[in-house]
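**Student:** File name work04.cif; file contents mmCIF, C-alpha atoms and all ligand atoms; chains and numbers go by the auth columns; full text below.
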data_target
loop_
_atom_site.group_PDB
_atom_site.id
_atom_site.type_symbol
_atom_site.label_atom_id
_atom_site.label_comp_id
_atom_site.label_asym_id
_atom_site.label_seq_id
_atom_site.Cartn_x
_atom_site.Cartn_y
_atom_site.Cartn_z
_atom_site.B_iso_or_equiv
_atom_site.auth_seq_id
_atom_site.auth_asym_id
ATOM 1 C CA MET A 1 13.079 10.754 6.877 0.00 1 Q
ATOM 2 C CA VAL A 2 11.804 7.675 8.657 0.00 2 Q
ATOM 3 C CA SER A 3 14.259 4.876 9.265 0.00 3 Q
ATOM 4 C CA SER A 4 13.396 1.668 7.442 0.00 4 Q
ATOM 5 C CA THR A 5 15.366 -0.589 9.755 0.00 5 Q
ATOM 6 C CA THR A 6 12.551 -0.990 12.298 0.00 6 Q
ATOM 7 C CA ALA A 7 11.363 -4.597 12.503 0.00 7 Q
ATOM 8 C CA TYR A 8 7.829 -5.243 11.324 0.00 8 Q
ATOM 9 C CA ASP A 9 5.480 -6.348 14.071 0.00 9 Q
ATOM 10 C CA PRO A 10 2.170 -7.573 12.577 0.00 10 Q
ATOM 11 C CA MET A 11 0.176 -7.416 15.827 0.00 11 Q
ATOM 12 C CA SER A 12 1.208 -3.879 16.569 0.00 12 Q
ATOM 13 C CA ALA A 13 0.725 -2.929 12.893 0.00 13 Q
ATOM 14 C CA TYR A 14 -2.852 -4.187 13.160 0.00 14 Q
ATOM 15 C CA SER A 15 -3.626 -2.498 16.473 0.00 15 Q
ATOM 16 C CA THR A 16 -2.013 0.732 15.270 0.00 16 Q
ATOM 17 C CA ALA A 17 -4.211 0.525 12.189 0.00 17 Q
ATOM 18 C CA ILE A 18 -7.355 0.076 14.285 0.00 18 Q
ATOM 19 C CA LYS A 19 -6.365 3.033 16.476 0.00 19 Q
ATOM 20 C CA ARG A 20 -5.849 5.211 13.418 0.00 20 Q
ATOM 21 C CA ILE A 21 -9.204 4.143 11.983 0.00 21 Q
ATOM 22 C CA GLU A 22 -10.945 5.066 15.248 0.00 22 Q
ATOM 23 C CA LYS A 23 -9.075 8.363 15.497 0.00 23 Q
ATOM 24 C CA SER A 24 -10.046 9.359 11.971 0.00 24 Q
ATOM 25 C CA GLY A 25 -13.723 9.035 12.817 0.00 25 Q
ATOM 26 C CA ILE A 26 -14.327 5.948 10.675 0.00 26 Q
ATOM 27 C CA ARG A 27 -16.303 3.332 12.569 0.00 27 Q
ATOM 28 C CA PRO A 28 -14.181 0.173 12.967 0.00 28 Q
ATOM 29 C CA THR A 29 -16.950 -2.159 11.789 0.00 29 Q
ATOM 30 C CA LYS A 30 -16.434 -5.909 11.763 0.00 30 Q
ATOM 31 C CA GLN A 31 -15.753 -5.861 8.024 0.00 31 Q
ATOM 32 C CA ARG A 32 -13.205 -3.053 8.304 0.00 32 Q
ATOM 33 C CA ARG A 33 -11.482 -4.920 11.136 0.00 33 Q
ATOM 34 C CA ILE A 34 -11.301 -8.110 9.069 0.00 34 Q
ATOM 35 C CA LEU A 35 -9.833 -6.198 6.116 0.00 35 Q
ATOM 36 C CA ALA A 36 -7.340 -4.336 8.313 0.00 36 Q
ATOM 37 C CA LYS A 37 -6.276 -7.639 9.841 0.00 37 Q
ATOM 38 C CA ILE A 38 -5.707 -9.274 6.459 0.00 38 Q
ATOM 39 C CA ILE A 39 -3.854 -6.215 5.148 0.00 39 Q
ATOM 40 C CA PHE A 40 -1.554 -5.781 8.162 0.00 40 Q
ATOM 41 C CA ASP A 41 -1.207 -9.309 9.477 0.00 41 Q
ATOM 42 C CA LYS A 42 1.308 -10.641 7.000 0.00 42 Q
ATOM 43 C CA GLY A 43 4.124 -8.139 7.126 0.00 43 Q
ATOM 44 C CA LYS A 44 4.939 -5.361 4.706 0.00 44 Q
ATOM 45 C CA ARG A 45 3.313 -6.076 1.397 0.00 45 Q
ATOM 46 C CA HIS A 46 1.370 -4.938 -1.624 0.00 46 Q
ATOM 47 C CA ILE A 47 -2.083 -6.226 -2.374 0.00 47 Q
ATOM 48 C CA SER A 48 -4.751 -5.598 -5.006 0.00 48 Q
ATOM 49 C CA ALA A 49 -8.484 -5.431 -4.268 0.00 49 Q
ATOM 50 C CA GLU A 50 -8.893 -8.772 -6.091 0.00 50 Q
ATOM 51 C CA ASN A 51 -6.217 -10.492 -3.990 0.00 51 Q
ATOM 52 C CA LEU A 52 -7.792 -9.087 -0.858 0.00 52 Q
ATOM 53 C CA PHE A 53 -11.171 -10.460 -1.964 0.00 53 Q
ATOM 54 C CA ASP A 54 -9.597 -13.923 -2.452 0.00 54 Q
ATOM 55 C CA GLU A 55 -7.940 -13.818 0.964 0.00 55 Q
ATOM 56 C CA VAL A 56 -11.231 -12.841 2.601 0.00 56 Q
ATOM 57 C CA LYS A 57 -12.855 -15.882 0.955 0.00 57 Q
ATOM 58 C CA LYS A 58 -10.026 -18.146 2.091 0.00 58 Q
ATOM 59 C CA GLU A 59 -10.764 -17.136 5.669 0.00 59 Q
ATOM 60 C CA ASP A 60 -14.416 -18.124 5.150 0.00 60 Q
ATOM 61 C CA ARG A 61 -15.582 -14.538 5.419 0.00 61 Q
ATOM 62 C CA LYS A 62 -17.957 -12.749 3.109 0.00 62 Q
ATOM 63 C CA ILE A 63 -17.213 -9.179 2.116 0.00 63 Q
ATOM 64 C CA SER A 64 -18.428 -7.800 -1.190 0.00 64 Q
ATOM 65 C CA MET A 65 -16.049 -6.397 -3.789 0.00 65 Q
ATOM 66 C CA ALA A 66 -17.803 -3.017 -3.455 0.00 66 Q
ATOM 67 C CA THR A 67 -17.124 -2.944 0.301 0.00 67 Q
ATOM 68 C CA ILE A 68 -13.498 -3.880 -0.329 0.00 68 Q
ATOM 69 C CA TYR A 69 -13.086 -1.029 -2.835 0.00 69 Q
ATOM 70 C CA ASN A 70 -14.783 1.444 -0.464 0.00 70 Q
ATOM 71 C CA THR A 71 -12.705 0.348 2.501 0.00 71 Q
ATOM 72 C CA LEU A 72 -9.443 0.536 0.536 0.00 72 Q
ATOM 73 C CA LYS A 73 -10.416 4.072 -0.484 0.00 73 Q
ATOM 74 C CA GLN A 74 -11.161 5.045 3.126 0.00 74 Q
ATOM 75 C CA PHE A 75 -7.928 3.485 4.392 0.00 75 Q
ATOM 76 C CA THR A 76 -6.035 5.357 1.663 0.00 76 Q
ATOM 77 C CA ASN A 77 -7.746 8.659 2.516 0.00 77 Q
ATOM 78 C CA ILE A 78 -6.666 8.451 6.153 0.00 78 Q
ATOM 79 C CA GLY A 79 -3.109 7.526 5.151 0.00 79 Q
ATOM 80 C CA LEU A 80 -3.261 4.006 6.513 0.00 80 Q
ATOM 81 C CA ILE A 81 -2.253 2.472 3.195 0.00 81 Q
ATOM 82 C CA ARG A 82 -0.935 3.911 -0.057 0.00 82 Q
ATOM 83 C CA GLU A 83 -2.568 3.442 -3.424 0.00 83 Q
ATOM 84 C CA ILE A 84 -0.149 2.731 -6.244 0.00 84 Q
ATOM 85 C CA VAL A 85 -1.891 3.294 -9.547 0.00 85 Q
ATOM 86 C CA VAL A 86 0.057 0.899 -11.758 0.00 86 Q
ATOM 87 C CA ASP A 87 -2.142 1.538 -14.768 0.00 87 Q
ATOM 88 C CA GLN A 88 -5.468 3.238 -15.340 0.00 88 Q
ATOM 89 C CA ASN A 89 -7.429 0.106 -14.526 0.00 89 Q
ATOM 90 C CA LYS A 90 -5.342 -1.286 -11.735 0.00 90 Q
ATOM 91 C CA SER A 91 -4.307 -0.127 -8.299 0.00 91 Q
ATOM 92 C CA ILE A 92 -2.176 -1.965 -5.819 0.00 92 Q
ATOM 93 C CA TYR A 93 -2.186 -1.017 -2.158 0.00 93 Q
ATOM 94 C CA CYS A 94 0.908 -0.792 0.017 0.00 94 Q
ATOM 95 C CA ASN A 95 0.731 -1.286 3.790 0.00 95 Q
ATOM 96 C CA ASN A 96 4.243 -0.001 4.459 0.00 96 Q
ATOM 97 C CA ASN A 97 3.765 3.518 5.767 0.00 97 Q
ATOM 98 C CA GLN A 98 7.437 4.269 6.045 0.00 98 Q
ATOM 99 C CA SER A 99 8.760 6.610 3.388 0.00 99 Q
ATOM 100 C CA HIS A 100 9.703 4.692 0.232 0.00 100 Q
ATOM 101 C CA TYR A 101 9.339 4.477 -3.538 0.00 101 Q
ATOM 102 C CA HIS A 102 8.240 1.603 -5.733 0.00 102 Q
ATOM 103 C CA LEU A 103 9.710 -0.575 -8.411 0.00 103 Q
ATOM 104 C CA TYR A 104 7.062 -2.149 -10.634 0.00 104 Q
ATOM 105 C CA ILE A 105 7.807 -5.085 -12.906 0.00 105 Q
ATOM 106 C CA GLU A 106 4.988 -4.582 -15.381 0.00 106 Q
ATOM 107 C CA ASP A 107 4.776 -7.996 -17.033 0.00 107 Q
ATOM 108 C CA GLU A 108 4.968 -9.832 -13.716 0.00 108 Q
ATOM 109 C CA GLY A 109 2.662 -7.409 -11.898 0.00 109 Q
ATOM 110 C CA LYS A 110 5.215 -7.377 -9.107 0.00 110 Q
ATOM 111 C CA ILE A 111 5.928 -4.425 -6.823 0.00 111 Q
ATOM 112 C CA VAL A 112 9.017 -3.967 -4.694 0.00 112 Q
ATOM 113 C CA ASP A 113 9.695 -1.232 -2.146 0.00 113 Q
ATOM 114 C CA ILE A 114 12.837 0.797 -2.666 0.00 114 Q
ATOM 115 C CA PRO A 115 14.340 3.129 -0.074 0.00 115 Q
ATOM 116 C CA THR A 116 13.979 6.824 -0.917 0.00 116 Q
ATOM 117 C CA LYS A 117 17.746 7.261 -0.566 0.00 117 Q
ATOM 118 C CA ASN A 118 18.234 5.045 -3.619 0.00 118 Q
ATOM 119 C CA ILE A 119 16.726 7.664 -5.897 0.00 119 Q
ATOM 120 C CA ASP A 120 18.024 11.201 -6.211 0.00 120 Q
ATOM 121 C CA LEU A 121 15.344 13.733 -6.908 0.00 121 Q
ATOM 122 C CA ASN A 122 15.747 17.388 -7.700 0.00 122 Q
ATOM 123 C CA ILE A 123 12.592 18.929 -6.340 0.00 123 Q
ATOM 124 C CA PRO A 124 12.092 22.491 -7.600 0.00 124 Q
ATOM 125 C CA SER A 125 11.800 25.029 -4.805 0.00 125 Q
ATOM 126 C CA ILE A 126 8.283 25.160 -3.430 0.00 126 Q
ATOM 127 C CA PRO A 127 6.419 28.494 -3.139 0.00 127 Q
ATOM 128 C CA ALA A 128 6.023 29.652 0.454 0.00 128 Q
ATOM 129 C CA CYS A 129 2.248 29.264 0.305 0.00 129 Q
ATOM 130 C CA LEU A 130 2.542 25.564 -0.496 0.00 130 Q
ATOM 131 C CA GLN A 131 3.945 22.612 1.341 0.00 131 Q
ATOM 132 C CA LEU A 132 5.279 19.329 0.076 0.00 132 Q
ATOM 133 C CA HIS A 133 2.714 16.670 0.881 0.00 133 Q
ATOM 134 C CA ASN A 134 4.046 13.529 -0.740 0.00 134 Q
ATOM 135 C CA ILE A 135 6.280 12.226 -3.521 0.00 135 Q
ATOM 136 C CA ASP A 136 5.304 9.066 -5.358 0.00 136 Q
ATOM 137 C CA VAL A 137 7.898 7.427 -7.576 0.00 137 Q
ATOM 138 C CA ILE A 138 7.183 4.284 -9.581 0.00 138 Q
ATOM 139 C CA VAL A 139 10.136 2.868 -11.492 0.00 139 Q
ATOM 140 C CA ARG A 140 8.586 0.719 -14.228 0.00 140 Q
ATOM 141 C CA LEU A 141 10.512 -2.259 -15.515 0.00 141 Q
ATOM 142 C CA ARG A 142 9.851 -5.006 -18.069 0.00 142 Q
ATOM 143 C CA THR A 143 11.662 -8.312 -18.335 0.00 143 Q
ATOM 144 C CA LEU A 144 13.738 -8.850 -21.464 0.00 144 Q
ATOM 145 C CA LYS A 145 11.687 -11.494 -23.249 0.00 145 Q
ATOM 146 C CA ASP A 146 14.554 -13.382 -24.913 0.00 146 Q
ATOM 147 C CA LYS A 147 16.877 -13.244 -21.923 0.00 147 Q
ATOM 148 C CA ALA A 148 14.369 -13.668 -19.123 0.00 148 Q
ATOM 149 C CA LYS A 149 14.730 -17.403 -18.655 0.00 149 Q
ATOM 150 C CA SER A 150 17.563 -19.695 -19.522 0.00 150 Q
HETATM 151 ZN ZN ZN B . 5.316 -0.146 -0.854 0.00 201 Q
#
Please lay out the structure from this file as structure tokens.
**Tutor:**
Amino acid sequence: MVSSTTAYDPMSAYSTAIKRIEKSGIRPTKQRRILAKIIFDKGKRHISAENLFDEVKKEDRKISMATIYNTLKQFTNIGLIREIVVDQNKSIYCNNNQSHYHLYIEDEGKIVDIPTKNIDLNIPSIPACLQLHNIDVIVRLRTLKDKAKS
């Protein structure tokens, strides 16, 4: 289990990302570099393709939505980011590659990382021919409408 106490260093997160992109055989094009920078530059966080598109625009860059979707898919495939499918039409991407689960507040669209030690799982024994690749846990919450704000 990876310790989650390591401080987040945006510059090294970005350069590590670029190294991993190069190592995986994906060409680190200008657009991929810009997206990696935006994703990893602001600390551990969760971002949707739409938010990423807005942030690209804010930096006066032009990257199409299709390129953003493709790049997020590539980054996910090489394990650079994690895709959290919050519902069938919406994915949010997590740039924290330390082991953790997610808490999702559905009506606020908010995602919070939770340490794996906070959730006890009973994984059935795995046949010898298989290996555990990953466990995704999303704890889904909704605010109580009548008690939410006072
Ligand atoms: Zn996360």
**Student:** For region 70-84 of chain Q, work out the shell of residues within 6 Å, counting all atoms listed in the file and skipping chain neighbours fewer than 3 positions away, then give it as a PDB file with C-alpha atoms, in the coordinates of the input.
**Tutor:**
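File produced: selection-v9.pdb:
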ATOM      1  CA  THR Q  67     -17.124  -2.944   0.301  1.00  0.00           C
ATOM      2  CA  SER Q  91      -4.307  -0.127  -8.299  1.00  0.00           C
ATOM      3  CA  ILE Q  92      -2.176  -1.965  -5.819  1.00  0.00           C
ATOM      4  CA  TYR Q  93      -2.186  -1.017  -2.158  1.00  0.00           C
ATOM      5  CA  CYS Q  94       0.908  -0.792   0.017  1.00  0.00           C
ATOM      6  CA  ASN Q  95       0.731  -1.286   3.790  1.00  0.00           C
TER       7      ASN Q  95
END
**Student:** On this file, the PyMOL selection byres (((not hetatm)) within 7 of (chain Q and resi 201)) gives some set of residues; write that set as a PyMOL selection string.
**Tutor:** chain Q and resi 45-46+94-96+100-102+112-113
**Student:** Using only C-alpha atoms, which of the listed residues (Q:Arg32, Q:Lys37, Q:Lys90, Q:Arg142) sits closest to Ser64 (chain Q)?
**Tutor:**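 Checking each of Q:Arg32, Q:Lys37, Q:Lys90, Q:Arg142 against Ser64 (chain Q), counting only C-alpha atoms, the winner is Q:Arg32.
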**Student:** Report the distance between CA of Ala13 (chain Q) and CA of Ile38 (chain Q) in Å, rounded to one decimal place.
**Tutor:** 11.1 Å
**Student:** Any idea what the distance is between CA of Phe53 (chain Q) and CA of Ala36 (chain Q)?
**Tutor:**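 If I compute the distance from CA of Phe53 (chain Q) to CA of Ala36 (chain Q), I get 12.6 Å.
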**Student:** Name the residues captured by the PyMOL selection byres (((chain Q and resi 63) around 10) and not hetatm) when it is applied to the shown file; answer as a PyMOL selection string.
**Tutor:** chain Q and resi 31-32+34-35+52-53+56-57+60-62+64-68
**Student:** Once you have the residues from the selection above, write them out as a PDB file, keeping the file's coordinate frame, restricted to C-alpha atoms.
**Tutor:**
ATOM      1  CA  GLN Q  31     -15.753  -5.861   8.024  1.00  0.00           C
ATOM      2  CA  ARG Q  32     -13.205  -3.053   8.304  1.00  0.00           C
ATOM      3  CA  ILE Q  34     -11.301  -8.110   9.069  1.00  0.00           C
ATOM      4  CA  LEU Q  35      -9.833  -6.198   6.116  1.00  0.00           C
ATOM      5  CA  LEU Q  52      -7.792  -9.087  -0.858  1.00  0.00           C
ATOM      6  CA  PHE Q  53     -11.171 -10.460  -1.964  1.00  0.00           C
ATOM      7  CA  VAL Q  56     -11.231 -12.841   2.601  1.00  0.00           C
ATOM      8  CA  LYS Q  57     -12.855 -15.882   0.955  1.00  0.00           C
ATOM      9  CA  ASP Q  60     -14.416 -18.124   5.150  1.00  0.00           C
ATOM     10  CA  ARG Q  61     -15.582 -14.538   5.419  1.00  0.00           C
ATOM     11  CA  LYS Q  62     -17.957 -12.749   3.109  1.00  0.00           C
ATOM     12  CA  SER Q  64     -18.428  -7.800  -1.190  1.00  0.00           C
ATOM     13  CA  MET Q  65     -16.049  -6.397  -3.789  1.00  0.00           C
ATOM     14  CA  ALA Q  66     -17.803  -3.017  -3.455  1.00  0.00           C
ATOM     15  CA  THR Q  67     -17.124  -2.944   0.301  1.00  0.00           C
ATOM     16  CA  ILE Q  68     -13.498  -3.880  -0.329  1.00  0.00           C
TER      17      ILE Q  68
END
**Student:** Work out how far apart CA of Pro28 (chain Q) and CA of Gln98 (chain Q) are and give it in Å to one decimal.
**Tutor:**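 CA of Pro28 (chain Q) sits 23.1 Å away from CA of Gln98 (chain Q).
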**Student:** Which residues would end up in the selection if the PyMOL selection byres (((chain Q and resi 134-138) around 7) and not hetatm) were applied here, given that I need the answer as a ChimeraX atom specification?
**Tutor:** /Q:101-104,132-133,139-140
**Student:** Using all atoms listed in the file, which of Q:Glu106, Q:Pro124, Q:Asp41, Q:Asn51 sits nearest Leu144 (chain Q)?
**Tutor:**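 For Leu144 (chain Q), the nearest of the candidates is Q:Glu106.
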**Student:** Taking into account all atoms listed in the file, which residue in the set Q:Gln131, Q:Ser99, Q:Tyr69, Q:Ala17 is nearest to Thr116 (chain Q)?
**Tutor:**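 Ranking Q:Gln131, Q:Ser99, Q:Tyr69, Q:Ala17 by distance to Thr116 (chain Q), first place goes to Q:Ser99.
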**Student:** Of the candidates Q:Ser12, Q:Arg20, Q:Asn118, Q:Ile123, which shows the shortest atom-to-atom distance to Gly43 (chain Q), using all atoms listed in the file?
**Tutor:** Q:Ser12
**Student:** Box for region 73-81 of chain Q: with edges along x, y and z, all listed atoms inside and 3 Å added on each side, what are the centre and edge lengths in Å to one decimal, as AutoDock Vina command-line options?
**Tutor:**
--center_x -6.7 --center_y 5.6 --center_z 3.0 --size_x 14.9 --size_y 12.2 --size_z 13.0
**Student:** Would you please work out which residue, of Q:Val86, Q:Cys129, Q:Leu141, Q:Ile47, is nearest to Ile105 (chain Q) when using all atoms listed in the file?
**Tutor:** Q:Leu141
